[in-house]
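Visitor: Structure below; questions to follow.
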Amino acid sequence: MSQSTVLIVGANGQLGSVLTDALRAELGENRVIGSDIKMPKEEKGPFELLDIMDKEQLHRLVRKYQVTEVYQLAAILSAKGEENPKLAWDINMNGLFNVLEIARECNLKVFFPSSIAVFGSHTPRQQTPQETIIHPETIYGISKAAGENWCQYYHLKYGVDVRSLRYPGVIGYQSMPGGGTTDYAVEIYHSAVREEPFTCFLKPDTRLPMIYMPDAIRATLELMDAPEEQLSVRTSYNLASMSFSPSEIYEAIRKHFPAFNIEYQPDFRQKIAESWSETIDDTNARRDWGWQPEYDLESMTDDMIFHLRKQYQKNIYV
């Protein structure tokens, strides 16, 4: 990756903002170009305004910076997608098409984030295998499942080096979440640190796969650094770290805040969560490129609370 010049599309998002910083630390500030539909609150390196639906602007940026890799992170997530399915499909799919076409034309390496949202109620919920029934029940999941197949198609037909991960719910302290079904697992920490009661939109026993942001970033970089000949999956790799329910994360937080209270008011996201897996089999990722998570629920909770306390003391989220 030492000679790479990277364009991150969707650099302002929960994952994109942290990934941009990580890549700049690895490659150097000027080798990583952030882009999004709005300017960031703080510019730490090269940044360009980009609507992913504008293929010509995307092409101009690739030429301007002599980009060799594109991380296509721009998307509308699961809960937000259900509010406007047509818009979610247009952005999630046409944005990916624009990236894949330019990757084909300019010989670019591509990262495409998929999700456990590709699974549905017919998918085995325990230790969901790499190859399994893919019947997603949200527009977000439908767009990700279609995207996985288009990525594989562009690899098989045109030789595009496109790589992908099926992320579990991603938990991080660096930014607020952006409209996903697993957002409660970020929001609950903020409520605890603010010493406020928390209202959860899922039932207490709803177990879902999750991953802490440092592990998610490391998995992404490790996959993109892996020798091409080692990769056996060109749709999207299953990725696993930990699985827990709202009641379990609540109990982990109460070790730090014994007076913390939670109330459960399930909404439409409960049905989405029930169509997803509880645990994931990521044997292929562990075998092909040595994936191994570092954080569990306890160590993640310790780290989240440590960082959020510091951030609230600086009034970052006020």
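In the structure tokens, the first chain shown is A, the next is B, and so on; residue numbers restart at 1 for each chain, and ligands run from 1 in the order shown.
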Could you write out, as a CSV table (one decimal) with N, CA and C atoms, in the first residue's frame, all the residues of stretch 160-315 of chain A that DSSP marks as strand (DSSP E or B)?
Guide:
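Everything below was put into result_7.csv:
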```
chain,number,residue,atom,x,y,z
A,162,VAL,N,-11.7,-5.7,-6.4
A,162,VAL,CA,-12.6,-5.2,-5.5
A,162,VAL,C,-12.8,-6.1,-4.3
A,163,ARG,N,-12.7,-5.5,-3.1
A,163,ARG,CA,-12.7,-6.3,-1.8
A,163,ARG,C,-13.8,-5.8,-0.9
A,164,SER,N,-14.4,-6.7,-0.1
A,164,SER,CA,-15.5,-6.3,0.7
A,164,SER,C,-15.6,-7.0,2.0
A,165,LEU,N,-16.2,-6.4,3.0
A,165,LEU,CA,-16.5,-7.0,4.3
A,165,LEU,C,-18.0,-6.9,4.7
A,166,ARG,N,-18.6,-7.9,5.2
A,166,ARG,CA,-19.9,-7.8,5.8
A,166,ARG,C,-19.8,-7.4,7.2
A,167,TYR,N,-19.8,-6.1,7.5
A,167,TYR,CA,-19.6,-5.5,8.8
A,167,TYR,C,-20.8,-5.9,9.7
A,169,GLY,N,-22.6,-4.7,13.4
A,169,GLY,CA,-22.8,-3.3,13.9
A,169,GLY,C,-21.5,-2.7,14.4
A,170,VAL,N,-21.2,-1.5,13.9
A,170,VAL,CA,-19.9,-0.9,14.3
A,170,VAL,C,-20.1,0.1,15.4
A,171,ILE,N,-19.3,-0.1,16.5
A,171,ILE,CA,-19.5,0.8,17.7
A,171,ILE,C,-18.2,1.6,17.8
A,198,PHE,N,-31.6,5.7,29.6
A,198,PHE,CA,-31.6,5.3,28.2
A,198,PHE,C,-32.8,4.6,27.8
A,199,THR,N,-33.4,5.0,26.6
A,199,THR,CA,-34.6,4.3,26.1
A,199,THR,C,-34.1,3.5,24.9
A,200,CYS,N,-34.2,2.2,24.9
A,200,CYS,CA,-33.7,1.3,23.9
A,200,CYS,C,-34.8,0.9,22.9
A,208,LEU,N,-27.3,-9.4,18.6
A,208,LEU,CA,-26.8,-9.0,17.3
A,208,LEU,C,-25.3,-9.1,17.2
A,209,PRO,N,-24.7,-9.3,16.1
A,209,PRO,CA,-23.2,-9.3,16.0
A,209,PRO,C,-22.7,-7.8,16.0
A,210,MET,N,-21.7,-7.6,16.7
A,210,MET,CA,-21.1,-6.2,16.8
A,210,MET,C,-19.6,-6.3,16.6
A,211,ILE,N,-19.0,-5.1,16.4
A,211,ILE,CA,-17.6,-5.0,16.3
A,211,ILE,C,-17.2,-3.6,16.8
A,212,TYR,N,-16.1,-3.5,17.5
A,212,TYR,CA,-15.6,-2.2,18.0
A,212,TYR,C,-14.8,-1.6,16.9
A,237,TYR,N,-16.6,-10.8,2.6
A,237,TYR,CA,-16.2,-11.7,3.6
A,237,TYR,C,-17.1,-11.5,4.9
A,238,ASN,N,-17.6,-12.6,5.4
A,238,ASN,CA,-18.1,-12.6,6.8
A,238,ASN,C,-17.1,-12.0,7.8
A,242,MET,N,-17.9,-9.9,18.3
A,242,MET,CA,-18.7,-10.3,19.5
A,242,MET,C,-20.2,-10.2,19.2
A,243,SER,N,-21.0,-10.8,20.0
A,243,SER,CA,-22.4,-10.7,19.9
A,243,SER,C,-23.0,-10.5,21.3
A,244,PHE,N,-23.9,-9.6,21.4
A,244,PHE,CA,-24.6,-9.3,22.7
A,244,PHE,C,-25.9,-8.7,22.5
A,262,ILE,N,-32.3,1.8,32.3
A,262,ILE,CA,-32.7,1.6,30.9
A,262,ILE,C,-34.2,1.3,30.8
A,263,GLU,N,-34.8,1.7,29.7
A,263,GLU,CA,-36.2,1.4,29.5
A,263,GLU,C,-36.3,0.8,28.0
A,264,TYR,N,-37.1,-0.1,27.8
A,264,TYR,CA,-37.2,-0.8,26.5
A,264,TYR,C,-38.6,-0.3,25.8
A,280,ILE,N,-21.8,-15.0,13.8
A,280,ILE,CA,-21.3,-15.1,12.4
A,280,ILE,C,-20.1,-16.0,12.4
```
Visitor: Just the residues within 10 Å of A:Glu298, please, counting only C-alpha atoms, with nothing from its chain fewer than 6 positions along; format it as a list in words.
Guide: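 Non-adjacent residues within range: Ile249, Ala252, Ile253, Lys255 and Met304 of chain A.
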Visitor: Let me see the file: selected residues, C-alpha atoms, as a PDB file, in the first residue's frame.
Guide:
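Dumped to part17.pdb:
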```
ATOM      1  CA  ILE A 249     -24.403  -4.273  27.195  1.00  0.00           C
ATOM      2  CA  ALA A 252     -21.513  -4.245  31.298  1.00  0.00           C
ATOM      3  CA  ILE A 253     -22.066  -0.486  31.556  1.00  0.00           C
ATOM      4  CA  LYS A 255     -20.243  -1.967  36.340  1.00  0.00           C
ATOM      5  CA  MET A 304     -15.684   3.532  25.135  1.00  0.00           C
TER       6      MET A 304
END
```
Visitor: So how many Å separate atom CA of A:Gly10 and atom CA of A:Ile52, to one decimal?
Guide: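 Straight-line distance from atom CA of A:Gly10 to atom CA of A:Ile52 works out to 8.5 Å.
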Visitor: For atom CA of A:Thr5 and atom CA of A:Trp150, determine how far apart the two atoms are, in Å to one decimal place.
Guide: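 Between atom CA of A:Thr5 and atom CA of A:Trp150 the gap works out to 23.9 Å.
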Visitor: Let me make sure I understand: among A:Ser35, A:Asn12, A:Gln127, A:Ser4, which one has the smallest atom-to-atom distance to A:Val110 if we use only C-alpha atoms?
Guide: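 Looking at the shortest contact to A:Val110, the residue is A:Ser4.
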Visitor: Please compute the atom CA of A:Met93-atom CA of A:Ser236 distance, one decimal, in Å.
Guide: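 Between atom CA of A:Met93 and atom CA of A:Ser236 the gap works out to 15.6 Å.
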Visitor: Between A:Ala216, A:Glu29, A:Ala103, A:Leu87, which residue has the minimum interatomic distance to A:Leu58, considering only C-alpha atoms?
Guide: A:Ala103
Visitor: Tell me, which residues of stretch 59-201 of chain A carry DSSP helix (DSSP H, G or I), written as a ChimeraX atom specification?
Guide: /A:59-65,78-83,85-106,116-118,139-158,184-193
Visitor: Take the residues from that selection and write them out as a compact mmCIF listing (two decimals), in the first residue's frame, keeping C-alpha atoms.
Guide:
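This went into out.txt:
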```txt
# COMPACT_ATOMS: atom_id res chain seq x y z
CA HIS A 59 -13.75 10.81 -12.48
CA ARG A 60 -12.22 14.31 -12.22
CA LEU A 61 -11.05 13.62 -8.68
CA VAL A 62 -9.52 10.28 -9.68
CA ARG A 63 -7.57 12.03 -12.45
CA LYS A 64 -6.68 15.11 -10.38
CA TYR A 65 -5.08 13.13 -7.57
CA SER A 78 -30.88 0.41 7.33
CA ALA A 79 -33.28 2.45 9.47
CA LYS A 80 -33.00 5.59 7.33
CA GLY A 81 -33.36 3.49 4.19
CA GLU A 82 -36.76 2.21 5.27
CA GLU A 83 -38.00 5.80 5.43
CA PRO A 85 -36.43 3.08 -0.04
CA LYS A 86 -36.16 4.54 -3.55
CA LEU A 87 -33.60 7.13 -2.50
CA ALA A 88 -31.62 4.50 -0.58
CA TRP A 89 -31.54 2.22 -3.65
CA ASP A 90 -30.49 5.07 -5.96
CA ILE A 91 -27.62 6.22 -3.75
CA ASN A 92 -26.42 2.82 -2.60
CA MET A 93 -26.51 1.16 -6.02
CA ASN A 94 -25.80 3.94 -8.52
CA GLY A 95 -22.99 5.22 -6.33
CA LEU A 96 -21.38 1.79 -6.39
CA PHE A 97 -21.88 1.52 -10.17
CA ASN A 98 -20.08 4.82 -10.68
CA VAL A 99 -17.11 3.60 -8.62
CA LEU A 100 -16.96 0.20 -10.32
CA GLU A 101 -17.11 1.71 -13.80
CA ILE A 102 -14.31 4.16 -13.09
CA ALA A 103 -12.32 1.37 -11.42
CA ARG A 104 -12.70 -0.67 -14.61
CA GLU A 105 -11.65 2.25 -16.80
CA CYS A 106 -8.74 3.40 -14.62
CA ILE A 116 -25.01 -8.39 8.04
CA ALA A 117 -28.12 -6.71 6.60
CA VAL A 118 -27.74 -9.01 3.56
CA ILE A 139 -33.77 -1.92 1.19
CA TYR A 140 -30.34 -1.43 2.74
CA GLY A 141 -29.78 -5.19 2.82
CA ILE A 142 -31.14 -5.59 -0.71
CA SER A 143 -28.75 -2.94 -2.01
CA LYS A 144 -25.80 -4.52 -0.19
CA ALA A 145 -26.61 -8.02 -1.47
CA ALA A 146 -26.88 -6.69 -5.02
CA GLY A 147 -23.69 -4.72 -4.52
CA GLU A 148 -21.80 -7.83 -3.41
CA ASN A 149 -22.80 -9.61 -6.61
CA TRP A 150 -21.87 -6.64 -8.80
CA CYS A 151 -18.47 -6.50 -7.10
CA GLN A 152 -17.88 -10.16 -7.85
CA TYR A 153 -19.11 -9.64 -11.44
CA TYR A 154 -16.67 -6.77 -12.06
CA HIS A 155 -13.87 -8.89 -10.65
CA LEU A 156 -14.69 -11.95 -12.75
CA LYS A 157 -15.50 -10.11 -15.99
CA TYR A 158 -13.15 -7.14 -15.89
CA TYR A 184 -28.46 1.75 20.21
CA ALA A 185 -25.11 0.14 21.07
CA VAL A 186 -23.40 3.51 20.53
CA GLU A 187 -26.13 5.74 21.94
CA ILE A 188 -26.35 3.78 25.20
CA TYR A 189 -22.75 4.70 26.11
CA HIS A 190 -23.43 8.39 25.55
CA SER A 191 -26.45 8.25 27.86
CA ALA A 192 -24.46 6.46 30.54
CA VAL A 193 -21.59 8.96 30.48
```
Visitor: I want to know what sits within 9 Å of A:Met213, based on only C-alpha atoms, with residues of the same chain fewer than 3 positions away left out; could you give that as a PyMOL selection string?
Guide: chain A and resi 15+18+170-174+216-218
Visitor: With only C-alpha atoms as the atoms that count, which of A:Gln230, A:Asn84, A:Ser277, A:Phe201 lies nearest to A:Pro168?
Guide: A:Ser277
Visitor: Ranking A:Ser17, A:Thr206, A:Ser114, A:Ser245 by minimum distance to A:Leu297 and counting only C-alpha atoms, which one comes first?
Guide: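 Looking at the shortest contact to A:Leu297, the residue is A:Ser245.
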Visitor: Go through A:Leu308, A:Asp288, A:Thr235, A:Pro266 one by one, measure the shortest atom-to-atom distance of each to A:Glu131 using only C-alpha atoms, and give the residue with the smallest value.
Guide: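 Using only C-alpha atoms, the shortest distance to A:Glu131 belongs to A:Thr235.
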Visitor: For A:Leu239, which of A:Leu202, A:Ala285, A:Leu23, A:Ala259 is the closest residue, counting only C-alpha atoms?
Guide: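 Checking each of A:Leu202, A:Ala285, A:Leu23, A:Ala259 against A:Leu239, counting only C-alpha atoms, the winner is A:Ala285.
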Visitor: May I have the residues within 10 Å of A:Pro124 as a short mmCIF file (atom, residue, chain, number, x, y, z; two decimals) with N, CA and C atoms, in the first residue's frame, using only C-alpha atoms and disregarding those fewer than 5 positions away in the same chain?
Guide:
```
data_model
loop_
_atom_site.label_atom_id
_atom_site.label_comp_id
_atom_site.auth_asym_id
_atom_site.auth_seq_id
_atom_site.Cartn_x
_atom_site.Cartn_y
_atom_site.Cartn_z
N PHE A 119 -28.40 -10.62 5.26
CA PHE A 119 -29.07 -11.82 5.75
C PHE A 119 -30.54 -11.51 6.04
N PRO A 129 -23.05 -19.02 8.04
CA PRO A 129 -21.88 -19.35 7.21
C PRO A 129 -21.63 -18.33 6.12
N THR A 132 -24.55 -18.83 2.21
CA THR A 132 -25.81 -19.13 2.87
C THR A 132 -26.95 -18.48 2.11
N ILE A 133 -28.16 -18.60 2.66
CA ILE A 133 -29.34 -17.99 2.05
C ILE A 133 -29.26 -16.47 2.23
N TRP A 276 -31.93 -10.49 11.18
CA TRP A 276 -30.49 -10.60 11.04
C TRP A 276 -29.92 -11.75 11.89
N SER A 277 -28.66 -12.04 11.67
CA SER A 277 -27.99 -13.11 12.39
C SER A 277 -27.70 -12.72 13.83
N GLU A 278 -27.50 -13.73 14.67
CA GLU A 278 -27.05 -13.51 16.04
C GLU A 278 -25.54 -13.68 16.17
N THR A 279 -25.00 -14.69 15.49
CA THR A 279 -23.55 -14.93 15.49
C THR A 279 -23.11 -15.26 14.07
N ILE A 280 -21.85 -14.99 13.77
CA ILE A 280 -21.33 -15.09 12.40
C ILE A 280 -20.13 -16.03 12.37
#
```
